[in-house]
Amino acid sequence: MTDLAQHRRTQAATADTPARRALRFVAQPAALGLLLALLAAVLLGNWFHRQAAVGLVGDEQSRIAILEGSALADFVAGKLAADPDGTESLQSALLGWVERSPYEDSIRVVRLGGAQLLASTHAAERAGALPRRLTRDEKWLFDLGQELRAAADTNAAEGVFRKPQIDVSRPAPDRIRVTVPYLDQGAIAGFVQHERPLDVAAVVIRPPLPLSLLLIVPLAVLWLAATRLNPAGGVAAGANRWILFILALAVFSAAWYLYSGRAVDSLAGMADDGQSAVAQSYQELRDRVAGDAAGRMTGGGTAVNAWDVDEFQRPRGLLAADGSIDPAASAAAIAAFQRPFVKALWGNWVLGAAILTIFALGVARRVRETLSEFRHAYLYVTPAMVGMLVLVFFPFIYGITLSFTGQTIFNTNQPLTELWVGLQNYIDILGSFDVAKRTAEGWVINYQNFYWTLFITICWTVSNVALGVGLGMVLALALNTPGLRFKAVYRVLLILPWAIPNYITALIWQALFHQQFGAINQAIQMFGGEPVAWFDGVFSSFMTGLATNGWLSFPFMMVVILGGLQSISADMYEAATVEGATRRQQFWRITLPLLKPTLVPAVILSVVWTFNMFNVIYLVSGGEPAGANEILITKAYKIAFEEYRYAYSAAYSTVIFLILLVYGVFQTRMTRATEAVNT
């Protein structure tokens, strides 16, 4: 009996049950890839869906808060226009507003002229007599009002909406505060600040589809399809992995299509509900605000709704003045909001398809085996690779991507996919040949043109490298003289310009070239000359940068060349002397050829450094006069941080990189200085 029971237990343990078949199926590469692809795509999709839904709720709450603030600003402006000294009636009206509100509101009205608090529903602020001057602790209110007024004036003067004219902030996670200016005779006289709780308690954000349904059903479909494909032996017995891969990809795509449709539809429904909530809030505000003020502010009928505005006080165009929703504008707004989310969903599909491909076709297995075999080598290089990825490759790729967009300071809040312009920035940079033109007064050079800046950069690089290499060579030859006394002292003194930070050196040289107080002009005047306006002429300004960078660059070349000279055997010079070679012939036939492996890489490095020598140009001459002495790197900086054209500057920087890449490859291949020397 004991043997029979043991035999039955063994049979039960090894029986091919449905559970074991399911486990074996999930262990198959295609099924495992499908499971991981669905997990990654769905979890990321749920996160994107939640973020988009939270953004919708936040936009709805901000719109309602701005609606209320704009209605209050119009209400206050109407009250003050009817009775400028009627602050008591204004205070009573605000208290009545708060009593009728379903929330715990707080309102204050500040007049900028005289820095006065006209009315307030805060218990501590209305304890004394109103109106009154703002206290020192309330100075932030006056500063905020001045900032909003300055923003409105700046936007009006520039003709663009660059600075927000309404302040929306969160004093606490569950409260929102809106500050809206009110007008007096067409000018900003003060502001109304309205604060209330956020009405988000009833908002529940659910995933579009249950995670269990999205995992179990596709795997079951793949199992059934694979069993049909090979009913005798099952999946493990010999189904073609390519057919299984195609089946898994089709199942994954179908499941993702269903999920994406539900996710997009749920966001559209939330957006419609939010639009209806905003319209309802507007209707309630129209009823609460006096009829005269509401009619004057909104214009009545189907005119533009001037309460439903963004932070720049631009009408959104989603609600008419009578509170009706514009279907076309609403649909366009919802589509614009959904567009980044749809692109994110496509990105999730690509990620899932890549995971499925890697597992289903055996790539993951081969990678695992390779990592296991060379795990120590990969472990050693991982920190360096992570550092390179974060600090070098990601900024580099992001900069190149940015160069294909139209990003400026005015649209940084938009995704790059919405700003894509292709090669337009490169066409604008490289396709403009307006370098010089003839006028009645003669030839006029366009100093802002790319090719003029490139010409100046090439002149700057060639002259500086020639000066640095020439001075470095002369000084290195002098220091390499046998028997030279105080050689160590000379080396220390000559390397000091390189040891001092070039930022400090550039500022010192800028002071030396000052027209009135600079030491160079002082010395010229001591000998009876006239002071020179160094930065007013193109050539003289160029020479200031050349002198400064020459002072900074010769020590490096001197050290490199001196090291190369000391590696040359003295026997070669002795043999040449015995053969009757002069010192000049020894220099050209022995010194220079043997210095080539040392000198050429140093020259290439010096060219790259000088080509991108930002500090000297920016701190000494500033590219003066009128940008005539800008080099490419300073021009790219000013385009980005003075003109705020970030994408154009990124394209400029990419062109700089390509120029230096082509130069480095050409120079290295032509000179063959980095190749091994055959002896």
# chains A, B, ... in the order shown; residues from 1 in each chain; ligands from 1

call {"tool": "residues_around", "arguments": {"residues": "region 625-631 of chain A", "least_positions_apart": "3", "cutoff": "10 Å", "atoms": "only C-alpha atoms", "output": "number ranges by chain"}}
result
A: 445-450, 452-461, 534-542, 545, 611-614, 617-618, 621-622, 634-636, 638

call {"tool": "write_last_selection", "arguments": {"atoms": "N, CA and C atoms", "output": "short mmCIF file (atom, residue, chain, number, x, y, z; two decimals), in the first residue's frame"}}
result
data_model
loop_
_atom_site.label_atom_id
_atom_site.label_comp_id
_atom_site.auth_asym_id
_atom_site.auth_seq_id
_atom_site.Cartn_x
_atom_site.Cartn_y
_atom_site.Cartn_z
N ILE A 445 28.46 95.93 -44.27
CA ILE A 445 28.57 94.53 -43.88
C ILE A 445 27.50 94.20 -42.85
N ASN A 446 26.82 93.09 -43.05
CA ASN A 446 25.82 92.61 -42.10
C ASN A 446 26.53 91.74 -41.06
N TYR A 447 26.83 92.35 -39.92
CA TYR A 447 27.58 91.65 -38.89
C TYR A 447 26.79 90.51 -38.23
N GLN A 448 25.48 90.46 -38.45
CA GLN A 448 24.67 89.41 -37.84
C GLN A 448 24.58 88.16 -38.71
N ASN A 449 25.11 88.21 -39.92
CA ASN A 449 25.04 87.08 -40.82
C ASN A 449 25.95 85.94 -40.35
N PHE A 450 25.50 84.72 -40.55
CA PHE A 450 26.26 83.55 -40.11
C PHE A 450 27.63 83.49 -40.77
N TRP A 452 29.55 85.87 -41.97
CA TRP A 452 30.50 86.85 -41.42
C TRP A 452 31.02 86.35 -40.08
N THR A 453 30.13 85.84 -39.24
CA THR A 453 30.57 85.31 -37.95
C THR A 453 31.50 84.13 -38.13
N LEU A 454 31.23 83.27 -39.13
CA LEU A 454 32.12 82.15 -39.41
C LEU A 454 33.48 82.64 -39.88
N PHE A 455 33.50 83.68 -40.72
CA PHE A 455 34.77 84.25 -41.18
C PHE A 455 35.58 84.79 -40.01
N ILE A 456 34.93 85.54 -39.12
CA ILE A 456 35.62 86.07 -37.95
C ILE A 456 36.13 84.94 -37.07
N THR A 457 35.32 83.87 -36.92
CA THR A 457 35.72 82.73 -36.09
C THR A 457 36.95 82.04 -36.67
N ILE A 458 36.98 81.89 -37.99
CA ILE A 458 38.15 81.26 -38.62
C ILE A 458 39.39 82.13 -38.46
N CYS A 459 39.23 83.44 -38.70
CA CYS A 459 40.36 84.36 -38.50
C CYS A 459 40.84 84.31 -37.06
N TRP A 460 39.90 84.30 -36.14
CA TRP A 460 40.22 84.25 -34.72
C TRP A 460 40.98 82.97 -34.38
N THR A 461 40.51 81.84 -34.90
CA THR A 461 41.13 80.56 -34.57
C THR A 461 42.51 80.44 -35.17
N TRP A 534 39.66 101.18 -28.07
CA TRP A 534 39.96 99.86 -28.57
C TRP A 534 38.73 99.12 -29.09
N PHE A 535 37.60 99.30 -28.44
CA PHE A 535 36.41 98.51 -28.75
C PHE A 535 35.49 99.18 -29.76
N ASP A 536 35.92 100.31 -30.32
CA ASP A 536 35.08 101.01 -31.30
C ASP A 536 35.38 100.61 -32.73
N GLY A 537 36.53 100.01 -32.99
CA GLY A 537 36.90 99.59 -34.34
C GLY A 537 36.92 98.08 -34.46
N VAL A 538 36.63 97.58 -35.64
CA VAL A 538 36.58 96.13 -35.84
C VAL A 538 37.96 95.52 -35.63
N PHE A 539 38.99 96.11 -36.24
CA PHE A 539 40.33 95.53 -36.14
C PHE A 539 40.91 95.68 -34.74
N SER A 540 40.78 96.87 -34.15
CA SER A 540 41.34 97.09 -32.81
C SER A 540 40.64 96.22 -31.77
N SER A 541 39.34 96.06 -31.91
CA SER A 541 38.62 95.20 -30.98
C SER A 541 39.05 93.74 -31.15
N PHE A 542 39.28 93.33 -32.39
CA PHE A 542 39.77 91.98 -32.65
C PHE A 542 41.14 91.77 -32.00
N GLY A 545 41.11 90.86 -28.21
CA GLY A 545 40.88 89.43 -27.96
C GLY A 545 42.08 88.60 -28.31
N PHE A 611 38.30 77.80 -31.07
CA PHE A 611 37.06 77.95 -31.83
C PHE A 611 35.89 78.22 -30.89
N ASN A 612 35.93 77.63 -29.69
CA ASN A 612 34.85 77.79 -28.72
C ASN A 612 35.28 78.62 -27.51
N MET A 613 36.24 79.52 -27.68
CA MET A 613 36.74 80.33 -26.57
C MET A 613 35.72 81.42 -26.23
N PHE A 614 34.78 81.05 -25.40
CA PHE A 614 33.67 81.94 -25.07
C PHE A 614 34.11 83.09 -24.17
N ILE A 617 36.10 86.41 -25.69
CA ILE A 617 35.28 87.29 -26.52
C ILE A 617 34.19 87.95 -25.69
N TYR A 618 33.51 87.18 -24.88
CA TYR A 618 32.36 87.71 -24.13
C TYR A 618 32.79 88.72 -23.08
N SER A 621 35.90 91.95 -25.25
CA SER A 621 35.35 92.88 -26.23
C SER A 621 33.83 92.83 -26.32
N GLY A 622 33.23 91.74 -25.85
CA GLY A 622 31.78 91.60 -25.96
C GLY A 622 31.30 91.51 -27.40
N THR A 634 29.74 82.62 -29.04
CA THR A 634 29.12 83.76 -28.35
C THR A 634 27.84 84.19 -29.06
N LYS A 635 27.82 84.05 -30.38
CA LYS A 635 26.60 84.37 -31.12
C LYS A 635 25.48 83.41 -30.73
N ALA A 636 25.80 82.13 -30.61
CA ALA A 636 24.78 81.15 -30.19
C ALA A 636 24.27 81.46 -28.79
N LYS A 638 24.13 84.45 -27.29
CA LYS A 638 23.29 85.64 -27.30
C LYS A 638 21.95 85.38 -27.97
#

call {"tool": "residues_around", "arguments": {"residues": "Arg241 (chain A)", "least_positions_apart": "3", "cutoff": "9 Å", "atoms": "only C-alpha atoms", "output": "NGL selection string"}}
result
:A and (29-30 or 238 or 244-246 or 360-361)

call {"tool": "write_last_selection", "arguments": {"atoms": "C-alpha atoms", "output": "compact mmCIF listing (two decimals), in the first residue's frame"}}
result
# COMPACT_ATOMS: atom_id res chain seq x y z
CA PRO A 29 9.51 33.66 -25.19
CA ALA A 30 6.53 34.99 -27.16
CA GLY A 238 7.58 23.12 -32.19
CA LEU A 244 4.19 33.10 -32.65
CA PHE A 245 5.88 36.48 -32.68
CA ILE A 246 3.52 37.82 -35.36
CA ALA A 360 9.97 36.66 -28.66
CA LEU A 361 12.96 36.50 -31.02

call {"tool": "residues_around", "arguments": {"residues": "region 205-218 of chain A", "least_positions_apart": "6", "cutoff": "8 Å", "atoms": "only C-alpha atoms", "output": "PyMOL selection string"}}
result
chain A and resi 35+38-39+42+46+49-50+53+251-252+255+259+262-263+266

call {"tool": "closest_residue", "arguments": {"among": "A:Leu249, A:Thr610, A:Gly317, A:Pro415", "to": "Ala354 (chain A)", "atoms": "only C-alpha atoms"}}
result
A:Leu249

call {"tool": "residues_around", "arguments": {"residues": "Lys343 (chain A)", "least_positions_apart": "3", "cutoff": "12 Å", "atoms": "only C-alpha atoms", "output": "PyMOL selection string"}}
result
chain A and resi 45+48+260+264+336-340+346-350+415-418

call {"tool": "closest_residue", "arguments": {"among": "A:Asn411, A:Ser70, A:Gln424, A:Thr577", "to": "Tyr282 (chain A)", "atoms": "only C-alpha atoms"}}
result
A:Ser70

call {"tool": "select_by_dssp", "arguments": {"residues": "region 135-219 of chain A", "states": "strand (DSSP E or B)", "output": "ChimeraX atom specification"}}
result
/A:167-172,175-184,187-197

call {"tool": "residues_around", "arguments": {"residues": "region 308-315 of chain A", "least_positions_apart": "5", "cutoff": "7 Å", "atoms": "only C-alpha atoms", "output": "list in words"}}
result
Arg63, Leu67, Phe161, Lys163, Pro164, Gln165, Ile166 and Asp167 of chain A

call {"tool": "write_last_selection", "arguments": {"atoms": "N, CA and C atoms", "output": "CSV table (one decimal), in the first residue's frame"}}
result
chain,number,residue,atom,x,y,z
A,63,ARG,N,-9.7,77.7,-14.5
A,63,ARG,CA,-10.6,78.5,-15.4
A,63,ARG,C,-11.7,79.0,-14.5
A,67,LEU,N,-12.5,82.9,-13.8
A,67,LEU,CA,-13.8,83.4,-14.0
A,67,LEU,C,-14.3,84.2,-12.8
A,161,PHE,N,2.0,88.8,-25.9
A,161,PHE,CA,1.7,88.4,-24.5
A,161,PHE,C,2.8,87.6,-24.0
A,163,LYS,N,4.2,88.2,-20.6
A,163,LYS,CA,4.2,88.1,-19.1
A,163,LYS,C,2.7,88.0,-18.7
A,164,PRO,N,2.5,87.1,-17.7
A,164,PRO,CA,1.1,86.9,-17.2
A,164,PRO,C,0.6,88.2,-16.5
A,165,GLN,N,-0.7,88.5,-16.8
A,165,GLN,CA,-1.3,89.6,-16.3
A,165,GLN,C,-2.3,89.2,-15.2
A,166,ILE,N,-2.5,87.9,-15.0
A,166,ILE,CA,-3.3,87.4,-13.8
A,166,ILE,C,-2.4,86.4,-13.1
A,167,ASP,N,-2.4,86.6,-11.8
A,167,ASP,CA,-1.6,85.7,-10.9
A,167,ASP,C,-2.5,84.6,-10.4

call {"tool": "atom_distance", "arguments": {"atom1": "CA of Trp47 (chain A)", "atom2": "CA of Leu267 (chain A)"}}
result
13.2 Å

call {"tool": "select_by_dssp", "arguments": {"residues": "region 232-402 of chain A", "states": "alpha helix (DSSP H)", "output": "PyMOL selection string"}}
result
chain A and resi 241-288+291-298+327-360+363-373+375-388+394-402

call {"tool": "residues_around", "arguments": {"residues": "region 564-574 of chain A", "least_positions_apart": "2", "cutoff": "9 Å", "atoms": "only C-alpha atoms", "output": "ChimeraX atom specification"}}
result
/A:476-477,480,559-562,576-579,581,586,590-591,594-599

call {"tool": "residues_around", "arguments": {"residues": "Gln280 (chain A)", "least_positions_apart": "3", "cutoff": "12 Å", "atoms": "only C-alpha atoms", "output": "count of residues only"}}
result
18

call {"tool": "atom_distance", "arguments": {"atom1": "CA of Trp223 (chain A)", "atom2": "CA of Leu345 (chain A)"}}
result
25.9 Å

call {"tool": "closest_residue", "arguments": {"among": "A:Asn413, A:Ala152, A:Asn549, A:Ile604", "to": "Val665 (chain A)", "atoms": "only C-alpha atoms"}}
result
A:Ile604

call {"tool": "closest_residue", "arguments": {"among": "A:Trp256, A:Trp509, A:Phe341, A:Phe410", "to": "Leu546 (chain A)", "atoms": "only C-alpha atoms"}}
result
A:Trp509

call {"tool": "closest_residue", "arguments": {"among": "A:Thr654, A:Gly470, A:Thr121, A:Gly145", "to": "Gly96 (chain A)", "atoms": "only C-alpha atoms"}}
result
A:Thr121
